[in-house]
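Have a look at my_file-v8.txt below; it lists compact mmCIF, C-alpha atoms.
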```txt
# COMPACT_ATOMS: atom_id res chain seq x y z
CA MET A 1 140.27 110.51 67.45
CA LEU A 2 137.99 108.22 69.45
CA GLY A 3 136.50 105.46 67.31
CA ILE A 4 138.90 106.03 64.37
CA LYS A 5 141.29 103.36 63.25
CA GLN A 6 144.58 104.53 61.79
CA PRO A 7 146.29 102.53 59.00
CA SER A 8 148.27 99.63 60.42
CA MET A 9 150.99 99.47 57.71
CA LEU A 10 154.13 101.30 58.83
CA CYS A 11 155.32 102.45 55.44
CA ASN A 12 156.91 105.83 54.80
CA SER A 13 153.78 107.16 53.16
CA CYS A 14 151.69 106.20 56.19
CA MET A 15 154.02 107.19 59.01
CA SER A 16 152.81 110.79 59.00
CA LYS A 17 149.79 111.66 61.14
CA PRO A 18 146.58 112.21 59.12
CA PRO A 19 145.29 115.78 59.11
CA SER A 20 142.60 116.65 61.64
CA GLN A 21 138.95 116.58 60.73
CA ARG A 22 138.92 120.34 61.20
CA LYS A 23 141.53 120.73 58.44
CA ILE A 24 139.58 118.43 56.13
CA ALA A 25 136.43 120.42 56.88
CA ALA A 26 138.21 123.64 55.92
CA GLN A 27 139.44 122.10 52.67
CA LEU A 28 135.89 121.00 51.74
CA GLY A 29 134.19 124.18 52.92
CA VAL A 30 132.04 122.49 55.56
CA SER A 31 131.97 122.52 59.35
CA ALA A 32 133.92 120.05 61.49
CA SER A 33 130.65 118.77 62.94
CA THR A 34 129.43 117.97 59.41
CA VAL A 35 132.59 115.95 58.78
CA SER A 36 132.06 114.03 62.02
CA ARG A 37 128.40 113.37 61.17
CA ALA A 38 129.24 112.16 57.67
CA LEU A 39 131.91 109.86 59.14
CA HIS A 40 129.28 108.32 61.42
CA GLN A 41 126.67 108.07 58.64
CA ASP A 42 124.34 110.63 60.18
CA PRO A 43 121.21 111.00 57.99
CA ARG A 44 121.16 114.77 58.60
CA VAL A 45 124.05 115.17 56.12
CA ALA A 46 123.03 115.49 52.45
CA PRO A 47 124.02 112.39 50.40
CA GLU A 48 126.28 114.34 47.99
CA THR A 49 128.03 116.17 50.86
CA SER A 50 128.46 112.91 52.72
CA ARG A 51 130.00 111.25 49.62
CA ARG A 52 132.56 114.05 49.17
CA ILE A 53 133.53 113.98 52.84
CA LEU A 54 133.89 110.19 52.98
CA GLU A 55 136.07 110.19 49.87
CA ALA A 56 138.31 112.86 51.39
CA LEU A 57 138.54 110.97 54.69
CA LYS A 58 139.35 107.72 52.89
CA THR A 59 142.12 109.43 50.92
CA GLN A 60 143.60 110.72 54.18
CA GLY A 61 143.51 107.25 55.82
CA TYR A 62 140.50 107.56 58.11
CA GLN A 63 138.30 104.49 58.72
CA LEU A 64 135.37 104.24 61.10
CA ASP A 65 135.55 101.54 63.78
CA PRO A 66 132.58 99.20 63.03
CA VAL A 67 131.89 98.63 66.73
CA VAL A 68 131.64 102.35 67.41
CA SER A 69 129.53 102.79 64.26
CA ALA A 70 127.03 100.16 65.40
CA GLY A 71 126.78 101.73 68.85
CA LEU A 72 126.20 105.23 67.51
CA SER A 73 123.60 103.90 65.11
CA ARG A 74 121.69 102.42 68.04
CA VAL A 75 121.87 105.72 69.90
CA ARG A 76 120.43 107.55 66.87
CA ARG A 77 117.57 105.03 66.69
CA GLY A 78 116.87 105.49 70.39
CA SER A 79 117.49 101.79 71.07
CA PHE A 80 120.65 102.11 73.13
CA TYR A 81 120.15 101.52 76.85
CA ARG A 82 122.86 101.70 79.48
CA GLU A 83 120.52 100.68 82.31
CA THR A 84 117.16 99.00 82.92
CA LEU A 85 114.72 100.24 85.56
CA ALA A 86 111.93 98.19 87.13
CA TRP A 87 108.44 99.63 87.57
CA CYS A 88 106.33 97.68 90.05
CA THR A 89 102.63 98.05 90.93
CA ASP A 90 99.85 95.88 92.36
CA GLN A 91 98.01 95.66 89.03
CA PRO A 92 99.15 94.97 85.45
CA ARG A 93 99.89 98.07 83.43
CA ALA A 94 97.28 97.10 80.83
CA GLU A 95 94.60 97.52 83.51
CA LYS A 96 95.73 101.08 84.29
CA GLU A 97 94.76 102.74 81.01
CA TRP A 98 94.13 106.10 82.71
CA LEU A 99 97.82 106.14 83.73
CA LYS A 100 99.07 105.87 80.14
CA PRO A 101 100.39 109.48 80.13
CA LEU A 102 102.40 108.67 83.26
CA PHE A 103 104.03 105.57 81.76
CA ASP A 104 104.57 107.09 78.32
CA SER A 105 106.23 110.25 79.62
CA ALA A 106 108.57 108.22 81.84
CA GLU A 107 109.54 105.92 78.95
CA GLU A 108 110.19 108.84 76.61
CA PHE A 109 112.33 110.66 79.17
CA GLY A 110 114.15 107.46 80.15
CA THR A 111 114.96 106.59 76.54
CA ARG A 112 116.64 109.95 76.04
CA GLY A 113 118.81 109.25 79.06
CA GLY A 114 119.62 105.65 78.09
CA TYR A 115 117.16 103.94 80.47
CA GLN A 116 114.78 101.13 79.53
CA ILE A 117 111.76 100.43 81.76
CA GLU A 118 110.37 96.94 82.44
CA TYR A 119 107.03 96.49 84.20
CA PHE A 120 106.24 94.09 87.05
CA ASN A 121 103.28 93.59 89.36
CA PHE A 122 102.34 91.51 92.38
CA GLU A 123 98.94 90.14 93.42
CA LYS A 124 99.59 89.94 97.15
CA PRO A 125 102.39 91.85 98.90
CA THR A 126 103.77 88.86 100.78
CA LYS A 127 107.40 88.80 101.84
CA ARG A 128 108.01 85.74 99.67
CA GLU A 129 106.48 87.28 96.54
CA LEU A 130 108.32 90.58 96.90
CA LYS A 131 111.60 88.81 97.59
CA ARG A 132 111.06 86.79 94.40
CA LEU A 133 110.61 89.98 92.38
CA ALA A 134 113.73 91.48 93.93
CA SER A 135 115.76 88.40 93.01
CA ILE A 136 114.60 88.75 89.38
CA TRP A 137 115.72 92.38 89.33
CA GLN A 138 119.11 91.55 90.77
CA ALA A 139 119.61 88.74 88.26
CA ARG A 140 118.92 91.22 85.43
CA GLY A 141 121.30 93.80 86.84
CA ILE A 142 118.52 96.25 87.69
CA ARG A 143 119.55 98.85 90.25
CA GLY A 144 116.61 101.27 90.28
CA VAL A 145 112.90 100.64 91.01
CA ILE A 146 109.75 102.79 90.69
CA LEU A 147 106.84 101.74 92.91
CA GLY A 148 103.16 102.59 92.34
CA PRO A 149 100.72 104.12 91.93
CA PHE A 150 98.93 101.45 93.95
CA ASN A 151 95.24 100.57 94.09
CA ASN A 152 95.55 99.78 97.79
CA ALA A 153 96.95 101.87 100.62
CA TYR A 154 99.84 99.82 101.98
CA GLU A 155 101.39 100.81 105.28
CA GLU A 156 104.56 98.97 104.32
CA LEU A 157 105.89 96.56 101.71
CA PRO A 158 108.42 93.91 102.85
CA PHE A 159 110.91 94.35 100.01
CA PRO A 160 114.63 93.80 100.57
CA TRP A 161 115.39 97.52 100.24
CA GLU A 162 119.16 97.71 100.40
CA PRO A 163 120.23 96.42 96.94
CA PHE A 164 118.21 99.03 95.00
CA ALA A 165 117.50 102.73 94.62
CA TRP A 166 113.78 103.40 95.09
CA VAL A 167 111.19 106.01 94.11
CA VAL A 168 107.55 105.62 95.10
CA LEU A 169 104.69 107.47 93.38
CA GLY A 170 101.92 108.96 95.48
CA HIS A 171 102.76 107.35 98.83
CA THR A 172 105.03 108.01 101.79
CA TRP A 173 106.54 105.35 104.04
CA VAL A 174 108.76 105.82 107.06
CA ASN A 175 111.77 104.38 105.30
CA HIS A 176 115.01 106.24 104.59
CA SER A 177 115.47 104.26 101.37
CA ILE A 178 112.27 105.59 99.81
CA HIS A 179 112.14 108.73 97.71
CA VAL A 180 108.71 110.13 96.86
CA VAL A 181 107.15 111.80 93.84
CA GLY A 182 103.61 112.84 94.62
CA ARG A 183 100.84 115.31 94.05
CA ASP A 184 100.65 118.46 96.16
CA PHE A 185 97.08 117.94 97.37
CA LEU A 186 97.23 120.82 99.85
CA LEU A 187 98.13 123.29 97.12
CA ASP A 188 95.52 121.79 94.78
CA ILE A 189 92.84 122.24 97.46
CA ARG A 190 94.04 125.80 98.13
CA ASN A 191 93.74 126.62 94.42
CA GLY A 192 90.27 125.04 94.45
CA ILE A 193 89.17 127.19 97.40
CA ASP A 194 90.42 130.31 95.58
CA TRP A 195 88.23 129.29 92.65
CA LEU A 196 85.21 128.83 94.97
CA ARG A 197 85.77 132.28 96.49
CA ALA A 198 85.77 133.73 93.01
CA GLN A 199 82.29 132.19 92.63
CA GLY A 200 81.21 133.98 95.84
CA CYS A 201 81.39 130.85 98.06
CA GLN A 202 82.50 131.23 101.70
CA ARG A 203 81.34 128.00 103.38
CA PRO A 204 82.79 124.97 101.57
CA GLY A 205 82.33 121.47 102.95
CA PHE A 206 85.24 119.00 102.73
CA ILE A 207 84.21 115.44 101.88
CA LEU A 208 86.23 112.24 101.60
CA ASN A 209 84.33 109.71 99.52
CA ARG A 210 84.87 106.00 100.08
CA THR A 211 85.75 105.62 96.38
CA GLY A 212 88.24 108.49 96.41
CA ASN A 213 92.01 108.50 96.82
CA PRO A 214 92.77 107.32 100.40
CA PHE A 215 95.78 109.67 100.56
CA LEU A 216 93.42 112.66 100.39
CA ARG A 217 92.10 112.20 103.93
CA THR A 218 94.84 114.11 105.72
CA PRO A 219 95.00 117.02 103.23
CA LEU A 220 91.20 117.42 103.37
CA ILE A 221 91.18 117.48 107.18
CA GLN A 222 94.06 119.95 107.29
CA SER A 223 92.38 122.17 104.70
CA ALA A 224 89.05 122.13 106.59
CA PHE A 225 90.79 123.11 109.83
CA SER A 226 92.74 125.88 108.11
CA GLN A 227 89.62 127.20 106.32
CA TYR A 228 87.55 127.63 109.49
CA HIS A 229 90.20 128.30 112.14
CA GLY A 230 89.01 131.36 114.07
CA VAL A 231 85.96 131.85 111.83
CA SER A 232 82.71 132.55 113.69
CA ASP A 233 80.41 131.40 110.89
CA ALA A 234 82.04 127.99 110.50
CA LEU A 235 80.28 124.80 109.52
CA PRO A 236 79.43 122.66 112.58
CA GLN A 237 81.15 119.70 110.90
CA PRO A 238 83.33 121.03 108.06
CA PHE A 239 84.84 117.60 107.25
CA PHE A 240 82.77 114.54 106.43
CA GLU A 241 83.98 111.03 105.65
CA VAL A 242 81.51 108.82 103.78
CA LYS A 243 81.04 105.39 105.39
CA LYS A 244 80.23 102.27 103.39
CA ASP A 245 77.52 101.13 105.79
CA ARG A 246 75.86 104.55 106.17
CA PRO A 247 75.04 105.95 102.72
CA GLU A 248 72.22 108.14 104.12
CA ALA A 249 74.61 109.97 106.45
CA PHE A 250 75.76 112.30 103.67
CA SER A 251 72.24 113.68 103.22
CA ASN A 252 72.00 114.26 106.98
CA TRP A 253 75.37 116.02 106.99
CA LEU A 254 74.24 118.32 104.17
CA GLN A 255 71.03 119.26 106.02
CA ILE A 256 72.87 120.05 109.24
CA ASN A 257 75.76 122.03 107.75
CA GLN A 258 74.19 123.72 104.70
CA PRO A 259 77.48 124.33 102.82
CA ASP A 260 77.44 126.74 99.89
CA SER A 261 80.07 124.69 98.00
CA LEU A 262 81.89 121.36 98.17
CA VAL A 263 85.45 120.05 98.02
CA LEU A 264 85.20 116.36 97.06
CA SER A 265 87.73 113.58 96.81
CA SER A 266 85.37 111.86 94.34
CA PRO A 267 81.66 112.36 93.44
CA GLU A 268 80.64 108.75 92.78
CA GLY A 269 77.59 107.64 94.72
CA LEU A 270 77.23 110.86 96.74
CA PHE A 271 74.19 112.32 94.98
CA ASP A 272 71.98 109.24 94.74
CA SER A 273 69.45 110.25 97.41
CA SER A 274 66.78 112.86 96.74
CA ILE A 275 68.15 115.23 99.39
CA ALA A 276 71.77 114.96 98.30
CA SER A 277 70.85 115.41 94.64
CA ARG A 278 69.66 118.93 95.45
CA PHE A 279 73.25 119.87 96.22
CA ARG A 280 74.58 118.64 92.88
CA LYS A 281 74.40 122.17 91.48
CA LEU A 282 76.63 123.65 94.17
CA PRO A 283 80.02 124.90 92.94
CA THR A 284 82.31 121.92 93.49
CA VAL A 285 86.02 121.22 93.53
CA GLN A 286 86.56 117.62 92.42
CA LEU A 287 90.05 116.35 93.29
CA SER A 288 89.87 112.87 91.74
CA VAL A 289 88.63 112.80 88.18
CA SER A 290 86.59 109.75 87.22
CA SER A 291 85.46 111.38 83.98
CA PRO A 292 87.48 114.28 82.55
CA ALA A 293 84.43 115.69 80.74
CA PRO A 294 83.59 119.25 81.90
CA GLN A 295 80.58 119.50 84.20
CA PRO A 296 78.52 122.54 85.26
CA ASN A 297 80.04 124.47 88.18
CA VAL A 298 82.76 121.86 88.73
CA LEU A 299 86.49 122.51 88.90
CA LEU A 300 88.45 119.47 87.76
CA PHE A 301 92.15 118.75 88.01
CA ASP A 302 94.51 117.17 85.53
CA PRO A 303 96.94 115.13 87.69
CA PRO A 304 100.58 115.92 86.83
CA TYR A 305 101.21 112.58 85.12
CA ASN A 306 103.41 114.06 82.39
CA SER A 307 105.72 115.50 85.05
CA ALA A 308 105.63 112.68 87.60
CA GLY A 309 107.07 109.99 85.31
CA PRO A 310 110.13 111.95 84.15
CA THR A 311 110.71 113.22 87.70
CA ALA A 312 110.80 109.66 89.07
CA VAL A 313 113.27 108.54 86.38
CA ASN A 314 115.45 111.60 86.97
CA ILE A 315 115.63 110.93 90.72
CA LEU A 316 116.61 107.30 90.08
CA HIS A 317 119.29 108.45 87.65
CA ARG A 318 120.81 110.71 90.31
CA LEU A 319 120.53 108.03 93.01
CA ILE A 320 122.25 105.43 90.84
CA THR A 321 124.96 107.88 89.82
CA ASN A 322 125.56 108.95 93.43
CA ARG A 323 125.92 105.32 94.49
CA GLU A 324 128.62 104.88 91.89
CA PHE A 325 130.53 107.71 93.56
CA GLY A 326 129.83 106.41 97.06
CA LEU A 327 127.58 109.34 98.02
CA PRO A 328 124.89 108.73 100.69
CA ALA A 329 121.22 108.92 99.67
CA TYR A 330 119.05 111.27 101.73
CA GLN A 331 115.29 110.88 101.55
CA GLN A 332 113.64 113.45 99.33
CA SER A 333 110.06 114.22 98.34
CA VAL A 334 108.96 116.02 95.20
CA LEU A 335 105.36 117.31 95.20
CA LEU A 336 103.84 118.40 91.89
CA THR A 337 100.89 120.72 91.42
CA SER A 338 98.02 119.64 89.18
CA ASN A 339 96.74 121.66 86.25
CA LEU A 340 93.29 123.20 86.54
CA ASN A 341 90.86 121.77 84.02
CA GLN A 342 88.19 123.81 82.26
CA THR A 343 84.93 124.59 84.02
CA ILE A 344 81.44 125.50 82.84
CA GLN A 345 79.12 127.86 84.63
CA GLY A 346 75.78 126.16 85.23
```
Show how you would write the structure in this file as structure tokens.
Amino acid sequence: MLGIKQPSMLCNSCMSKPPSQRKIAAQLGVSASTVSRALHQDPRVAPETSRRILEALKTQGYQLDPVVSAGLSRVRRGSFYRETLAWCTDQPRAEKEWLKPLFDSAEEFGTRGGYQIEYFNFEKPTKRELKRLASIWQARGIRGVILGPFNNAYEELPFPWEPFAWVVLGHTWVNHSIHVVGRDFLLDIRNGIDWLRAQGCQRPGFILNRTGNPFLRTPLIQSAFSQYHGVSDALPQPFFEVKKDRPEAFSNWLQINQPDSLVLSSPEGLFDSSIASRFRKLPTVQLSVSSPAPQPNVLLFDPPYNSAGPTAVNILHRLITNREFGLPAYQQSVLLTSNLNQTIQG
């Protein structure tokens, strides 16, 4: 059997083939899997059972290969890695505490599959800096890279793409080498509108805050158009984008449109003025959560961090495996729906 050394002395008593582990298991009244586990020093086997099995195996001439034993021991401890993946962002991981569930879930899933994750970051996305990172990855034998989430909205990053398999979190580039794992904002907004309708709201306003996720702009515009397409009682301006140099414009927009509810990318700074503060009690869908604490009449979302990390690692695993078999990589996007957080009626 694999990993078992047979006796090397060619004497008459040793020329015969040792009985199978299945036969030994039958003799001892245990299962074949228990014999195998005892042979590999698996802690799940009771000490007395393990002693009897090892004595029987020794009598029959079985001896565990020490190299195989050491490797299996590492697997049982979860410290055996067949591959290392790079995870690259534009900010150190320690400064992204709110993304801990994302990193932890990816590491746990990767460990089970034999993947170790190392973290890297860049300060400025210059061609020289990104090429330097890529050279480090190649020197370490890294073949798969996870990018993001990023603090900034990059239109492109000048990496040397070809040597690696790539998965980016929360962003889409026009690049056939990039595979995407993101949040299904359109479906999240649709679920939020269903919640508003259940509160009796028919005229939601869609607002992109300057401090919100920049990737929410397009989904908010699309959702506003879909909500009021062909509707006679539509808001004059259903979508509003907050400008840094015009903080008072939000109050003016509220007075003109008189929405009965809000769909916000982020609430920070929107309700500072006396007029805008009157709308704080409107039923609100808040897509980016700055504070997960429940608020009156607010629907919050738990981003799918626990799913996004394992999904990214799983895609890289398939990409790396396909490359080994010479299979082409076609761009794919996986969009995950957020979980609805609890709400309180005000």
Handout entry: Contact residues around Leu147 (chain A) with only C-alpha atoms at 9 Å, ignoring same-chain residues under 5 positions, as a PyMOL selection string
Key = chain A and resi 86-89+166-169
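Across the model, the gap from CA of Leu340 (chain A) to CA of Leu235 (chain A) is 26.5 Å.
The two atoms in question, CA of Ala38 (chain A) and CA of Ser50 (chain A), are spaced 5.1 Å apart.
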Problem - 6 Å contact set for region 97-107 of chain A, only C-alpha atoms, chain neighbours under 5 positions out, as a list in words - result: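 Here the answer would be Tyr305, Asn306, Gly309 and Pro310 of chain A.
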Completion exercise
Of A:Pro43, A:Gly192, A:Gly230, A:Pro304, the one nearest to Pro283 (chain A) when counting all atoms listed in the file is A:Gly192
Please build the interface table for region 142-211 of chain A against region 312-316 of chain A with a cut-off of 12 Å, listing for each qualifying residue the nearest atom pair and the distance in Å to one decimal; count all atoms listed in the file, order rows by chain and increasing number, and write it as CSV.
```
residue,atom,partner,partner_atom,distance
A:Ile142,CA,A:Leu316,CA,11.5
A:Arg143,CA,A:Leu316,CA,8.9
A:Gly144,CA,A:Leu316,CA,6.0
A:Val145,CA,A:Leu316,CA,7.7
A:Ile146,CA,A:Ala312,CA,7.1
A:Leu147,CA,A:Ala312,CA,9.7
A:Gly148,CA,A:Ala312,CA,10.9
A:Pro149,CA,A:Ala312,CA,11.9
A:Phe164,CA,A:Leu316,CA,9.8
A:Ala165,CA,A:Leu316,CA,6.5
A:Trp166,CA,A:Leu316,CA,7.0
A:Val167,CA,A:Ala312,CA,6.2
A:Val168,CA,A:Ala312,CA,8.0
A:Leu169,CA,A:Ala312,CA,7.8
A:Gly170,CA,A:Ala312,CA,11.0
A:Ser177,CA,A:Leu316,CA,11.7
A:Ile178,CA,A:Leu316,CA,10.8
A:His179,CA,A:Ile315,CA,8.1
A:Val180,CA,A:Ala312,CA,8.1
A:Val181,CA,A:Ala312,CA,6.4
A:Gly182,CA,A:Ala312,CA,9.6
```
Exercise for the section: Between A:Arg128, A:His171, A:Arg140, A:Arg323, single out the one closest to Phe215 (chain A), counting only C-alpha atoms. Expected result: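 Closest candidate: A:His171.
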Problem - From A:Ala56, A:Leu187, A:Ala139, A:Ala234, residue lying nearest Ala25 (chain A) [all atoms listed in the file] - result: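 Answer, going by the shortest atom-to-atom distance: A:Ala56.
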Problem - Point-to-point distance from CA of Gly114 (chain A) to CA of Thr337 (chain A), Å rounded to tenths - result: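 We find that CA of Gly114 (chain A) and CA of Thr337 (chain A) lie 27.5 Å from each other.
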Completion exercise
One residue among A:Ala224, A:Leu287, A:Ala46, A:Leu299 is nearest to Ser265 (chain A) when using all atoms listed in the file, and that residue is A:Leu287
Distance table requested - region 180-203 of chain A against region 254-261 of chain A, cut-off 10 Å, only C-alpha atoms: one row per qualifying residue with the closest atom pair and its distance in Å to one decimal, ordered by chain and rising residue number, as a Markdown table.
```
| residue | atom | partner | partner_atom | distance |
| --- | --- | --- | --- | --- |
| A:Ile193 | CA | A:Ser261 | CA | 9.5 |
| A:Leu196 | CA | A:Ser261 | CA | 7.3 |
| A:Arg197 | CA | A:Ser261 | CA | 9.6 |
| A:Gln199 | CA | A:Ser261 | CA | 9.5 |
| A:Gly200 | CA | A:Asp260 | CA | 9.1 |
| A:Cys201 | CA | A:Asp260 | CA | 6.0 |
| A:Gln202 | CA | A:Asp260 | CA | 7.0 |
| A:Arg203 | CA | A:Pro259 | CA | 5.4 |
```
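In terms of minimum interatomic distance to Gln286 (chain A), A:Leu208 ranks closest within A:Val35, A:Leu208, A:Ala249, A:Ile320, counting all atoms listed in the file.
Residue nearest Ala153 (chain A) within the list A:Trp173, A:Phe122, A:Phe240, A:Phe271: A:Trp173 [criterion: smallest interatomic distance, all atoms listed in the file].
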